[in-house]
$ cat target33.cif   # mmCIF, C-alpha atoms
data_my_file
loop_
_atom_site.label_atom_id
_atom_site.label_comp_id
_atom_site.auth_asym_id
_atom_site.auth_seq_id
_atom_site.Cartn_x
_atom_site.Cartn_y
_atom_site.Cartn_z
CA MET A 7 -25.12 -0.47 9.60
CA SER A 8 -23.05 -0.92 6.41
CA ASP A 9 -23.14 -3.89 4.04
CA GLN A 10 -19.83 -5.06 5.50
CA GLU A 11 -21.27 -5.29 8.99
CA LYS A 12 -24.40 -7.07 7.84
CA LYS A 13 -22.52 -9.95 6.22
CA ALA A 14 -22.86 -13.18 8.19
CA VAL A 15 -19.64 -14.87 9.28
CA ASP A 16 -18.82 -18.08 7.41
CA ARG A 17 -17.29 -20.01 10.30
CA ALA A 18 -16.57 -23.06 8.16
CA GLU A 19 -14.50 -20.96 5.80
CA ILE A 20 -12.51 -19.43 8.67
CA SER A 21 -11.97 -22.86 10.16
CA LYS A 22 -10.73 -24.18 6.81
CA MET A 23 -8.30 -21.27 6.48
CA LEU A 24 -7.04 -21.81 10.02
CA GLU A 25 -6.55 -25.53 9.44
CA LYS A 26 -4.23 -24.84 6.53
CA LYS A 27 -1.95 -22.78 8.76
CA ALA A 28 -2.29 -24.95 11.86
CA PRO A 29 1.41 -25.92 12.17
CA GLU A 30 2.52 -22.30 12.02
CA MET A 31 -0.08 -21.27 14.56
CA LYS A 32 0.78 -24.06 16.97
CA ARG A 33 4.34 -22.89 16.75
CA ILE A 34 3.59 -19.31 17.69
CA LEU A 35 1.15 -20.24 20.44
CA ASN A 36 3.39 -22.93 21.94
CA TYR A 37 6.81 -21.41 21.46
CA CYS A 38 6.31 -17.73 22.19
CA VAL A 39 8.03 -17.30 25.55
CA HIS A 40 6.87 -13.70 25.94
CA CYS A 41 10.46 -12.51 25.98
CA SER A 42 9.26 -9.16 24.53
CA ILE A 43 12.30 -8.84 22.30
CA CYS A 44 9.92 -8.34 19.38
CA ALA A 45 8.51 -5.31 21.20
CA GLU A 46 11.68 -3.27 21.01
CA SER A 47 12.12 -4.00 17.32
CA CYS A 48 8.68 -2.52 16.61
CA PHE A 49 8.80 1.20 15.88
CA LEU A 50 5.09 1.57 16.61
CA TYR A 51 5.57 0.06 20.08
CA MET A 52 8.52 2.35 20.72
CA SER A 53 6.74 5.44 19.40
CA HIS A 54 3.69 4.73 21.58
CA ASP A 55 5.74 4.80 24.78
CA GLY A 56 5.79 1.04 25.11
CA ASP A 57 2.03 0.58 24.92
CA PRO A 58 1.65 -3.23 25.10
CA GLN A 59 -1.12 -3.15 22.50
CA TYR A 60 1.57 -2.44 19.92
CA MET A 61 3.80 -5.33 21.01
CA PRO A 62 4.03 -7.67 17.98
CA SER A 63 3.45 -10.83 20.02
CA TYR A 64 0.44 -9.25 21.74
CA LYS A 65 -1.08 -8.38 18.38
CA VAL A 66 -0.78 -11.93 17.08
CA ILE A 67 -1.83 -13.73 20.26
CA ASN A 68 -4.88 -11.51 20.73
CA SER A 69 -6.05 -11.72 17.14
CA LEU A 70 -5.01 -14.90 15.34
CA GLY A 71 -4.32 -16.71 18.60
CA LYS A 72 -7.88 -16.14 19.77
CA LEU A 73 -9.28 -17.05 16.36
CA TYR A 74 -7.34 -20.30 16.47
CA LYS A 75 -8.37 -21.14 20.01
CA LYS A 76 -12.00 -20.57 19.08
CA ASN A 77 -11.47 -22.63 15.92
CA GLY A 78 -13.07 -19.89 13.89
CA ASN A 79 -16.26 -19.85 15.94
CA VAL A 80 -16.43 -16.10 16.08
CA ASP A 81 -18.97 -13.50 15.14
CA HIS A 82 -18.71 -10.33 13.11
CA GLU A 83 -18.18 -8.26 16.23
CA PHE A 84 -15.08 -10.28 17.10
CA LEU A 85 -13.58 -9.70 13.65
CA GLU A 86 -14.42 -6.00 13.82
CA GLY A 87 -12.75 -5.97 17.23
CA ILE A 88 -9.44 -7.36 15.97
CA LYS A 89 -9.49 -5.26 12.81
CA GLY A 90 -7.84 -2.31 14.52
CA MET A 91 -5.18 -4.56 16.01
CA VAL A 92 -4.09 -6.01 12.68
CA TRP A 93 -4.49 -2.92 10.52
CA ASN A 94 -4.06 0.16 12.70
CA ASN A 95 -1.51 -1.26 15.11
CA CYS A 96 0.73 -2.91 12.53
CA VAL A 97 2.08 -1.59 9.23
CA LEU A 98 3.57 -4.95 8.17
CA CYS A 99 7.03 -3.44 7.84
CA HIS A 100 8.61 -6.83 8.57
CA ARG A 101 11.07 -5.29 11.00
CA CYS A 102 9.98 -7.17 14.12
CA TYR A 103 12.53 -9.66 15.33
CA CYS A 104 11.73 -12.94 17.06
CA PRO A 105 14.68 -14.91 18.46
CA ILE A 106 12.69 -18.13 18.08
CA GLY A 107 11.97 -17.38 14.46
CA ILE A 108 8.24 -16.84 14.58
CA ASP A 109 7.17 -15.01 11.44
CA ILE A 110 5.00 -12.41 13.15
CA PRO A 111 4.15 -10.30 10.09
CA ARG A 112 3.09 -13.42 8.22
CA MET A 113 0.63 -14.16 11.02
CA ILE A 114 -0.76 -10.62 10.93
CA ASP A 115 -1.00 -10.86 7.15
CA PHE A 116 -2.92 -14.12 7.53
CA THR A 117 -5.27 -12.60 10.09
CA ARG A 118 -6.03 -9.80 7.66
CA SER A 119 -6.83 -12.44 4.99
CA ILE A 120 -9.30 -14.09 7.35
CA CYS A 121 -10.94 -10.74 8.07
CA ARG A 122 -11.08 -9.92 4.36
CA SER A 123 -12.69 -13.29 3.62
CA GLN A 124 -15.57 -12.19 5.86
CA GLY A 125 -15.84 -8.70 4.43
CA VAL A 126 -14.03 -7.04 7.32
CA PHE A 127 -11.40 -4.54 6.24
CA PRO A 128 -10.76 -0.79 6.70
CA LYS A 129 -13.56 1.26 5.21
CA LEU A 130 -11.30 3.99 3.97
CA ASP A 131 -13.93 5.50 1.69
CA GLU A 132 -16.14 6.01 4.72
CA GLY A 133 -13.50 8.06 6.45
CA GLU A 134 -12.16 5.26 8.62
CA SER A 135 -8.53 5.97 9.40
CA TRP A 136 -5.75 3.49 8.89
CA LEU A 137 -3.11 4.66 11.30
CA MET B 26 2.20 7.20 -0.93
CA ILE B 27 1.74 6.00 -4.51
CA ILE B 28 -1.53 7.16 -6.03
CA ALA B 29 -3.29 5.23 -8.77
CA GLU B 30 -6.64 5.26 -10.50
CA ARG B 31 -8.57 2.55 -12.23
CA LYS B 32 -8.20 2.26 -15.96
CA PRO B 33 -11.32 2.82 -18.06
CA PHE B 34 -13.49 -0.29 -17.94
CA GLU B 35 -13.37 -0.70 -21.74
CA GLU B 36 -9.57 -0.86 -21.63
CA ILE B 37 -9.58 -3.50 -18.89
CA LYS B 38 -12.23 -5.48 -20.72
CA GLU B 39 -10.17 -5.41 -23.91
CA MET B 40 -6.99 -6.54 -22.12
CA VAL B 41 -8.58 -9.62 -20.62
CA LYS B 42 -10.69 -10.46 -23.67
CA GLY B 43 -10.33 -14.13 -24.55
CA TYR B 44 -9.32 -15.25 -21.06
CA LYS B 45 -11.90 -17.34 -19.29
CA ASN B 46 -10.31 -17.93 -15.91
CA ILE B 47 -8.91 -14.81 -14.29
CA LEU B 48 -7.58 -13.94 -10.86
CA ASN B 49 -7.95 -10.30 -9.88
CA VAL B 50 -5.29 -9.46 -7.30
CA GLY B 51 -5.73 -6.43 -5.11
CA CYS B 52 -3.05 -4.78 -3.04
CA GLY B 53 -3.41 -3.97 0.65
CA GLY B 54 -0.85 -1.17 0.46
CA CYS B 55 -0.95 2.20 -1.29
CA THR B 56 -3.65 1.35 -3.83
CA SER B 57 -6.00 0.29 -1.04
CA ILE B 58 -5.44 3.56 0.74
CA CYS B 59 -5.99 5.64 -2.39
CA LEU B 60 -9.23 3.73 -3.00
CA ALA B 61 -8.14 2.29 -6.34
CA GLY B 62 -7.08 -1.31 -5.78
CA GLY B 63 -8.17 -2.60 -2.38
CA GLN B 64 -10.71 -5.22 -1.44
CA LYS B 65 -13.72 -3.09 -2.27
CA GLU B 66 -12.38 -2.04 -5.67
CA VAL B 67 -11.44 -5.65 -6.53
CA ASN B 68 -14.97 -6.80 -5.70
CA GLN B 69 -16.44 -3.97 -7.72
CA LEU B 70 -14.35 -4.63 -10.84
CA ASN B 71 -15.06 -8.35 -10.67
CA ALA B 72 -18.78 -7.68 -10.47
CA GLU B 73 -18.58 -5.41 -13.51
CA LEU B 74 -16.58 -7.92 -15.54
CA LYS B 75 -18.89 -10.72 -14.53
CA LYS B 76 -21.93 -8.67 -15.50
CA GLU B 77 -20.36 -8.00 -18.89
CA ASN B 78 -19.51 -11.67 -19.42
CA PRO B 79 -21.46 -14.10 -17.23
CA GLU B 80 -19.39 -17.00 -18.60
CA LEU B 81 -16.22 -15.54 -17.14
CA ASN B 82 -14.71 -17.13 -14.06
CA ILE B 83 -13.07 -14.33 -12.13
CA ASP B 84 -11.85 -14.75 -8.57
CA SER B 85 -10.34 -12.27 -6.19
CA LEU B 86 -7.44 -12.20 -3.79
CA VAL B 87 -6.04 -9.23 -1.94
CA ILE B 88 -2.50 -9.60 -0.70
CA GLU B 89 -1.07 -7.06 1.68
CA ARG B 90 1.73 -5.88 -0.64
CA GLN B 91 2.43 -6.66 -4.26
CA CYS B 92 5.85 -5.02 -3.94
CA ASN B 93 7.24 -7.56 -1.45
CA TYR B 94 7.51 -11.30 -2.09
CA ASP B 95 7.10 -12.01 1.64
CA PHE B 96 3.39 -11.45 1.07
CA PHE B 97 3.05 -13.75 -1.94
CA VAL B 98 2.44 -17.01 -0.05
CA ASP B 99 -1.28 -17.20 -0.83
CA LEU B 100 -0.82 -15.89 -4.35
CA ASP B 101 1.83 -18.51 -5.10
CA GLU B 102 -0.74 -21.14 -4.29
CA LYS B 103 -3.55 -19.65 -6.36
CA ALA B 104 -1.87 -18.05 -9.38
CA PRO B 105 -1.03 -21.24 -11.36
CA LYS B 106 -4.73 -22.13 -11.49
CA TYR B 107 -5.57 -19.15 -13.72
CA ASP B 108 -5.14 -18.20 -17.40
CA ALA B 109 -4.49 -14.57 -16.60
CA ILE B 110 -3.97 -12.23 -13.67
CA LEU B 111 -5.34 -8.74 -13.28
CA SER B 112 -3.34 -6.68 -10.86
CA MET B 113 -4.80 -3.75 -8.98
CA ALA B 114 -1.43 -2.63 -7.65
CA CYS B 115 0.81 0.21 -8.80
CA GLY B 116 3.14 -0.36 -11.75
CA ALA B 117 5.84 -1.64 -9.41
CA GLY B 118 3.52 -4.28 -8.01
CA VAL B 119 2.27 -5.34 -11.45
CA GLN B 120 5.85 -5.88 -12.61
CA PHE B 121 6.72 -7.81 -9.47
CA VAL B 122 3.76 -10.14 -10.04
CA ALA B 123 4.64 -10.54 -13.73
CA GLU B 124 8.26 -11.33 -12.83
CA ARG B 125 7.16 -14.07 -10.45
CA TYR B 126 4.70 -15.85 -12.77
CA THR B 127 6.32 -15.45 -16.15
CA SER B 128 4.11 -18.00 -17.92
CA ILE B 129 0.89 -16.21 -16.92
CA PRO B 130 -0.09 -12.92 -18.58
CA VAL B 131 -0.42 -10.19 -15.96
CA PHE B 132 -2.51 -7.13 -16.82
CA PRO B 133 -2.65 -3.80 -14.99
CA ALA B 134 -6.11 -2.70 -13.96
CA LEU B 135 -4.81 0.65 -12.72
CA ASN B 136 -2.83 3.58 -14.00
CA THR B 137 -0.17 4.63 -11.52
CA VAL B 138 -0.48 8.36 -11.40
CA PHE B 139 1.86 9.94 -8.88
CA CYS B 140 3.53 10.02 -5.49
CA GLY B 141 1.39 12.22 -3.32
CA VAL B 142 -0.49 13.09 -0.18
CA ASP B 143 -4.05 12.71 1.11
CA ARG B 144 -5.94 15.98 1.22
CA ASN B 145 -9.19 14.30 2.20
CA VAL B 146 -11.04 11.04 1.58
CA GLY B 147 -10.54 10.28 -2.12
CA TRP B 148 -8.64 13.55 -2.73
CA PHE B 149 -4.94 13.29 -3.43
CA GLU B 150 -2.27 15.70 -4.60
CA GLU B 151 1.06 15.08 -6.23
CA ASN B 152 3.95 16.31 -4.12
CA CYS B 153 7.00 14.44 -5.36
CA ARG B 154 8.37 13.27 -8.72
CA THR B 155 11.03 11.09 -7.00
CA CYS B 156 13.74 12.86 -9.00
CA GLY B 157 16.42 11.50 -6.69
CA GLU B 158 18.01 14.85 -5.83
CA CYS B 159 15.80 16.54 -3.29
CA VAL B 160 16.13 20.33 -3.03
CA LEU B 161 13.28 20.89 -0.56
CA GLY B 162 15.75 22.12 2.07
CA ASP B 163 16.55 25.11 -0.14
CA THR B 164 13.03 25.71 -1.44
CA ALA B 165 11.16 25.97 1.86
CA GLY B 166 9.58 22.56 1.47
CA ILE B 167 7.95 23.31 -1.90
CA CYS B 168 9.05 21.07 -4.76
CA PRO B 169 9.84 23.01 -7.94
CA VAL B 170 10.01 19.81 -10.02
CA THR B 171 6.46 18.83 -9.10
CA ARG B 172 4.78 22.15 -8.61
CA CYS B 173 6.41 24.42 -11.20
CA ALA B 174 4.88 23.86 -14.66
CA LYS B 175 8.38 24.03 -16.14
CA GLY B 176 10.00 22.05 -13.36
CA ILE B 177 12.81 24.56 -13.14
CA PHE B 178 15.37 24.54 -10.33
CA ASN B 179 16.32 28.18 -10.62
CA GLY B 180 13.19 30.28 -10.60
CA PRO B 181 10.99 32.14 -10.99
CA CYS B 182 11.02 32.03 -14.76
CA GLY B 183 9.59 35.44 -15.54
CA GLY B 184 6.18 34.09 -16.41
CA THR B 185 4.66 34.72 -13.04
CA ARG B 186 1.43 36.69 -13.20
CA ILE B 187 0.89 39.76 -11.07
CA ASP B 188 -1.45 37.81 -8.76
CA GLY B 189 1.20 35.12 -8.16
CA SER B 190 -0.27 32.52 -10.50
CA CYS B 191 1.51 30.66 -13.29
CA GLU B 192 1.50 31.89 -16.89
CA VAL B 193 0.67 28.36 -18.00
CA ASP B 194 -2.52 28.16 -15.94
CA PRO B 195 -4.07 31.04 -13.99
CA ASP B 196 -5.56 28.57 -11.51
CA THR B 197 -2.14 27.19 -10.60
CA PRO B 198 -0.05 29.13 -8.11
CA CYS B 199 3.49 29.87 -9.24
CA ALA B 200 5.65 27.46 -7.24
CA TRP B 201 8.55 29.88 -7.18
CA THR B 202 6.38 32.71 -5.85
CA GLU B 203 5.31 30.36 -3.06
CA ILE B 204 8.94 29.41 -2.46
CA PHE B 205 9.90 33.11 -2.31
CA ASN B 206 7.08 33.93 0.10
CA ARG B 207 7.83 31.04 2.45
CA LEU B 208 11.59 31.63 2.42
CA THR B 209 10.84 35.27 3.26
CA GLU B 210 8.60 34.19 6.12
CA GLN B 211 11.42 32.00 7.42
CA GLY B 212 13.99 34.80 7.12
CA ARG B 213 16.17 33.00 4.59
CA VAL B 214 15.10 34.42 1.25
CA ASP B 215 18.78 34.64 0.25
CA LYS B 216 18.56 30.89 -0.54
CA ILE B 217 16.63 31.74 -3.70
CA THR B 218 19.67 33.42 -5.21
CA GLU B 219 21.81 30.29 -4.97
CA VAL B 220 22.11 28.88 -8.48
CA LYS B 221 21.55 25.15 -8.71
CA PRO B 222 23.76 23.23 -11.16
CA PRO B 223 22.19 21.13 -13.93
CA ARG B 224 20.56 17.94 -12.71
CA LEU B 225 21.81 14.45 -13.42
CA TRP B 226 18.27 13.25 -14.12
CA GLN B 227 19.03 9.84 -12.74
CA ASN B 228 15.43 8.86 -13.19
CA GLN B 229 16.06 8.32 -16.88
CA VAL B 230 17.40 4.88 -16.02
CA ARG B 231 16.06 2.23 -13.68
CA ARG B 232 17.21 2.97 -10.15
CA THR B 233 18.13 0.56 -7.39
CA LEU B 234 18.79 1.63 -3.85
CA ILE B 235 20.60 -0.31 -1.17
CA GLN B 236 20.87 1.58 2.09
CA GLU B 237 24.43 2.20 3.28
CA ASP B 238 24.23 -0.19 6.23
CA TYR B 239 23.12 -3.04 3.96
CA LYS B 240 25.67 -2.67 1.16
CA ALA B 241 28.03 -5.26 2.65
CA ARG B 242 25.21 -7.79 2.85
CA TYR B 243 24.52 -7.61 -0.90
CA ALA B 244 28.12 -7.06 -2.04
CA GLU B 245 28.28 -10.52 -3.64
#

$ encode --input "target33.cif" --output "structure tokens"
Amino acid sequence: MSDQEKKAVDRAEISKMLEKKAPEMKRILNYCVHCSICAESCFLYMSHDGDPQYMPSYKVINSLGKLYKKNGNVDHEFLEGIKGMVWNNCVLCHRCYCPIGIDIPRMIDFTRSICRSQGVFPKLDEGESWL
Amino acid sequence: MIIAERKPFEEIKEMVKGYKNILNVGCGGCTSICLAGGQKEVNQLNAELKKENPELNIDSLVIERQCNYDFFVDLDEKAPKYDAILSMACGAGVQFVAERYTSIPVFPALNTVFCGVDRNVGWFEENCRTCGECVLGDTAGICPVTRCAKGIFNGPCGGTRIDGSCEVDPDTPCAWTEIFNRLTEQGRVDKITEVKPPRLWQNQVRRTLIQEDYKARYAE
């Protein structure tokens, strides 16, 4: 087990970070109508034969959305679990389009910040791949 | 991808000398991938600086890109609280940060080295000098600007050794010998006889690119 994995999760810190972005998160969780228009604007989704795991809305709802619903009460395993979704499945190209105006890349960016704050990020020097 | 390496510690230490409250900003893009300026490297540099000067207040923040203001939301909030910023991005990112916070000195913690490829973990090779006039279609995918010691467009130069290495360095393969061999393999060695005109060397001035489809948008 690496040092990253051993680090205990500071739930209060995650909760504080989430609180700061609460209005934006409420917006995405309440207003996303699952129209899937964002999906077709994502080149990763298109190049993976429409694999729903690459759908921009899926990535946000299943990472930041879950973090928000749990109010930051997550463990290291949870953060490790969403790491692939926000790093490997999204390159933050800012090309995804949401007709409602949800800033999807900003949410992914924010999720990465939360992971980083807990020492969870790609271990590239240990041979972990990015894409 | 842009490849960078950390500056010598003494140089970094000298740059930030006299500043007591510093924010070290990592980049989640290229410099993370080339293991020079990501989260781990930011933490490491901060620990070294702190060890050198225990009085120093140095915080860290990694933003996903320092070359795109869309990712500056958190930095905008934090930057004004510091006397100086250390940037662990490439030169483009450092300049973008400096342009945004003009009243705060921004120092580069990295040297931007080249545009290259990953050979293995921590092993990178230069493959492109971004000259702006790509000839790879005629040179079998081998860049003479990057890989020929003389950067010549019409080669070989006559300094190729008998074993196919370069006269400048026996450990470096002659790029034009490699171009010849690969063009031969592809059955189009005649391409090597086409004389290329002198270059414009557009990279002598700062370049801006707006893709064709977006020119109307920025016409004003």

$ residues_around --input "target33.cif" --residues "Cys182 in chain B" --least-positions-apart "4" --cutoff "9 Å" --atoms "all atoms listed in the file" --output "number ranges by chain"
B: 175, 177, 201

$ atom_distance --input "target33.cif" --atom1 "CA of Gly53 in chain B" --atom2 "CA of Glu80 in chain B"
28.2 Å

$ residues_around --input "target33.cif" --residues "range 135-142 of chain B" --least-positions-apart "4" --cutoff "7 Å" --atoms "only C-alpha atoms" --output "JSON, numbers by chain"
{"B": [26, 27, 28, 29, 30, 31, 32, 113, 114, 115, 116, 149, 150, 151, 152, 153, 154]}

$ resolve_selection --input "target33.cif" --expression "the PyMOL selection byres ((chain A) within 12 of (chain B))" --output "PyMOL selection string"
chain A and resi 9-10+23+26-27+92-93+96-100+109-137

$ resolve_selection --input "target33.cif" --expression "the PyMOL selection byres ((chain A and resi 32) around 12)" --output "MDAnalysis selection string"
chainID A and resid 24:31 33:38 67 70:71 74:75 108 113

$ write_last_selection --input "target33.cif" --atoms "C-alpha atoms" --output "compact mmCIF listing (two decimals), keeping the file's coordinate frame"
# COMPACT_ATOMS: atom_id res chain seq x y z
CA LEU A 24 -7.04 -21.81 10.02
CA GLU A 25 -6.55 -25.53 9.44
CA LYS A 26 -4.23 -24.84 6.53
CA LYS A 27 -1.95 -22.78 8.76
CA ALA A 28 -2.29 -24.95 11.86
CA PRO A 29 1.41 -25.92 12.17
CA GLU A 30 2.52 -22.30 12.02
CA MET A 31 -0.08 -21.27 14.56
CA ARG A 33 4.34 -22.89 16.75
CA ILE A 34 3.59 -19.31 17.69
CA LEU A 35 1.15 -20.24 20.44
CA ASN A 36 3.39 -22.93 21.94
CA TYR A 37 6.81 -21.41 21.46
CA CYS A 38 6.31 -17.73 22.19
CA ILE A 67 -1.83 -13.73 20.26
CA LEU A 70 -5.01 -14.90 15.34
CA GLY A 71 -4.32 -16.71 18.60
CA TYR A 74 -7.34 -20.30 16.47
CA LYS A 75 -8.37 -21.14 20.01
CA ILE A 108 8.24 -16.84 14.58
CA MET A 113 0.63 -14.16 11.02

$ resolve_selection --input "target33.cif" --expression "the PyMOL selection byres ((chain B and resi 217-219) around 12)" --output "count of residues only"
28

$ atom_distance --input "target33.cif" --atom1 "CA of Asp108 in chain B" --atom2 "CA of Val67 in chain B"
17.8 Å

$ residues_near_point --input "target33.cif" --point "(0.1, -1.3, 20.0)" --cutoff "9 Å" --atoms "all atoms listed in the file" --output "count of residues only"
16

$ atom_distance --input "target33.cif" --atom1 "CA of Leu111 in chain B" --atom2 "CA of Phe132 in chain B"
4.8 Å

$ residues_around --input "target33.cif" --residues "Ile43 in chain A" --least-positions-apart "3" --cutoff "8 Å" --atoms "all atoms listed in the file" --output "PyMOL selection string"
chain A and resi 46-47+103-105

$ residues_around --input "target33.cif" --residues "range 71-77 of chain B" --least-positions-apart "3" --cutoff "12 Å" --atoms "all atoms listed in the file" --output "VMD selection string"
chain B and resid 33 to 42 44 to 51 62 64 to 68 80 to 86 111 to 113 134

$ residues_near_point --input "target33.cif" --point "(-18.1, -18.0, 9.7)" --cutoff "8 Å" --atoms "all atoms listed in the file" --output "PyMOL selection string"
chain A and resi 14-21+78-81+124

$ write_last_selection --input "target33.cif" --atoms "C-alpha atoms" --output "PDB file, in the coordinates of the input"
ATOM      1  CA  ALA A  14     -22.860 -13.180   8.190  1.00  0.00           C
ATOM      2  CA  VAL A  15     -19.640 -14.870   9.280  1.00  0.00           C
ATOM      3  CA  ASP A  16     -18.820 -18.080   7.410  1.00  0.00           C
ATOM      4  CA  ARG A  17     -17.290 -20.010  10.300  1.00  0.00           C
ATOM      5  CA  ALA A  18     -16.570 -23.060   8.160  1.00  0.00           C
ATOM      6  CA  GLU A  19     -14.500 -20.960   5.800  1.00  0.00           C
ATOM      7  CA  ILE A  20     -12.510 -19.430   8.670  1.00  0.00           C
ATOM      8  CA  SER A  21     -11.970 -22.860  10.160  1.00  0.00           C
ATOM      9  CA  GLY A  78     -13.070 -19.890  13.890  1.00  0.00           C
ATOM     10  CA  ASN A  79     -16.260 -19.850  15.940  1.00  0.00           C
ATOM     11  CA  VAL A  80     -16.430 -16.100  16.080  1.00  0.00           C
ATOM     12  CA  ASP A  81     -18.970 -13.500  15.140  1.00  0.00           C
ATOM     13  CA  GLN A 124     -15.570 -12.190   5.860  1.00  0.00           C
TER      14      GLN A 124
END

$ build_atoms --input "target33.cif" --residues "range 171-192 of chain B" --atoms "N, CA and C atoms" --output "PDB file, in the coordinates of the input"
ATOM      1  N   THR B 171       7.859  19.242  -9.058  1.00  0.00           N
ATOM      2  CA  THR B 171       6.460  18.830  -9.100  1.00  0.00           C
ATOM      3  C   THR B 171       5.512  19.993  -9.314  1.00  0.00           C
ATOM      4  N   ARG B 172       5.793  21.106  -8.654  1.00  0.00           N
ATOM      5  CA  ARG B 172       4.780  22.150  -8.610  1.00  0.00           C
ATOM      6  C   ARG B 172       5.007  23.337  -9.554  1.00  0.00           C
ATOM      7  N   CYS B 173       6.174  23.392 -10.183  1.00  0.00           N
ATOM      8  CA  CYS B 173       6.410  24.420 -11.200  1.00  0.00           C
ATOM      9  C   CYS B 173       6.089  23.766 -12.546  1.00  0.00           C
ATOM     10  N   ALA B 174       5.292  24.444 -13.371  1.00  0.00           N
ATOM     11  CA  ALA B 174       4.880  23.860 -14.660  1.00  0.00           C
ATOM     12  C   ALA B 174       6.099  23.528 -15.520  1.00  0.00           C
ATOM     13  N   LYS B 175       7.177  24.271 -15.340  1.00  0.00           N
ATOM     14  CA  LYS B 175       8.380  24.030 -16.140  1.00  0.00           C
ATOM     15  C   LYS B 175       9.389  23.169 -15.399  1.00  0.00           C
ATOM     16  N   GLY B 176       9.109  22.894 -14.151  1.00  0.00           N
ATOM     17  CA  GLY B 176      10.000  22.050 -13.360  1.00  0.00           C
ATOM     18  C   GLY B 176      11.386  22.633 -13.198  1.00  0.00           C
ATOM     19  N   ILE B 177      11.481  23.953 -13.173  1.00  0.00           N
ATOM     20  CA  ILE B 177      12.810  24.560 -13.140  1.00  0.00           C
ATOM     21  C   ILE B 177      13.373  24.632 -11.709  1.00  0.00           C
ATOM     22  N   PHE B 178      14.701  24.521 -11.627  1.00  0.00           N
ATOM     23  CA  PHE B 178      15.370  24.540 -10.330  1.00  0.00           C
ATOM     24  C   PHE B 178      15.849  25.941  -9.947  1.00  0.00           C
ATOM     25  N   ASN B 179      15.890  26.814 -10.913  1.00  0.00           N
ATOM     26  CA  ASN B 179      16.320  28.180 -10.620  1.00  0.00           C
ATOM     27  C   ASN B 179      15.223  29.132 -11.091  1.00  0.00           C
ATOM     28  N   GLY B 180      14.332  29.456 -10.202  1.00  0.00           N
ATOM     29  CA  GLY B 180      13.190  30.280 -10.600  1.00  0.00           C
ATOM     30  C   GLY B 180      13.099  31.536  -9.760  1.00  0.00           C
ATOM     31  N   PRO B 181      12.064  32.353 -10.013  1.00  0.00           N
ATOM     32  CA  PRO B 181      10.990  32.140 -10.990  1.00  0.00           C
ATOM     33  C   PRO B 181      11.452  32.394 -12.417  1.00  0.00           C
ATOM     34  N   CYS B 182      10.608  32.000 -13.360  1.00  0.00           N
ATOM     35  CA  CYS B 182      11.020  32.030 -14.760  1.00  0.00           C
ATOM     36  C   CYS B 182      10.767  33.363 -15.438  1.00  0.00           C
ATOM     37  N   GLY B 183       9.958  34.185 -14.881  1.00  0.00           N
ATOM     38  CA  GLY B 183       9.590  35.440 -15.540  1.00  0.00           C
ATOM     39  C   GLY B 183       8.170  35.384 -16.053  1.00  0.00           C
ATOM     40  N   GLY B 184       7.560  34.239 -15.942  1.00  0.00           N
ATOM     41  CA  GLY B 184       6.180  34.090 -16.410  1.00  0.00           C
ATOM     42  C   GLY B 184       5.173  34.118 -15.282  1.00  0.00           C
ATOM     43  N   THR B 185       5.584  34.637 -14.162  1.00  0.00           N
ATOM     44  CA  THR B 185       4.660  34.720 -13.040  1.00  0.00           C
ATOM     45  C   THR B 185       3.687  35.880 -13.249  1.00  0.00           C
ATOM     46  N   ARG B 186       2.419  35.615 -13.039  1.00  0.00           N
ATOM     47  CA  ARG B 186       1.430  36.690 -13.200  1.00  0.00           C
ATOM     48  C   ARG B 186       1.456  37.607 -11.980  1.00  0.00           C
ATOM     49  N   ILE B 187       0.868  38.736 -12.126  1.00  0.00           N
ATOM     50  CA  ILE B 187       0.890  39.760 -11.070  1.00  0.00           C
ATOM     51  C   ILE B 187       0.229  39.250  -9.781  1.00  0.00           C
ATOM     52  N   ASP B 188      -0.765  38.336  -9.960  1.00  0.00           N
ATOM     53  CA  ASP B 188      -1.450  37.810  -8.760  1.00  0.00           C
ATOM     54  C   ASP B 188      -0.739  36.585  -8.174  1.00  0.00           C
ATOM     55  N   GLY B 189       0.444  36.247  -8.719  1.00  0.00           N
ATOM     56  CA  GLY B 189       1.200  35.120  -8.160  1.00  0.00           C
ATOM     57  C   GLY B 189       0.832  33.777  -8.762  1.00  0.00           C
ATOM     58  N   SER B 190       0.053  33.799  -9.852  1.00  0.00           N
ATOM     59  CA  SER B 190      -0.270  32.520 -10.500  1.00  0.00           C
ATOM     60  C   SER B 190       0.689  32.270 -11.659  1.00  0.00           C
ATOM     61  N   CYS B 191       0.586  31.097 -12.236  1.00  0.00           N
ATOM     62  CA  CYS B 191       1.510  30.660 -13.290  1.00  0.00           C
ATOM     63  C   CYS B 191       0.999  31.095 -14.655  1.00  0.00           C
ATOM     64  N   GLU B 192       1.920  31.462 -15.544  1.00  0.00           N
ATOM     65  CA  GLU B 192       1.500  31.890 -16.890  1.00  0.00           C
ATOM     66  C   GLU B 192       0.863  30.745 -17.667  1.00  0.00           C
TER      67      GLU B 192
END
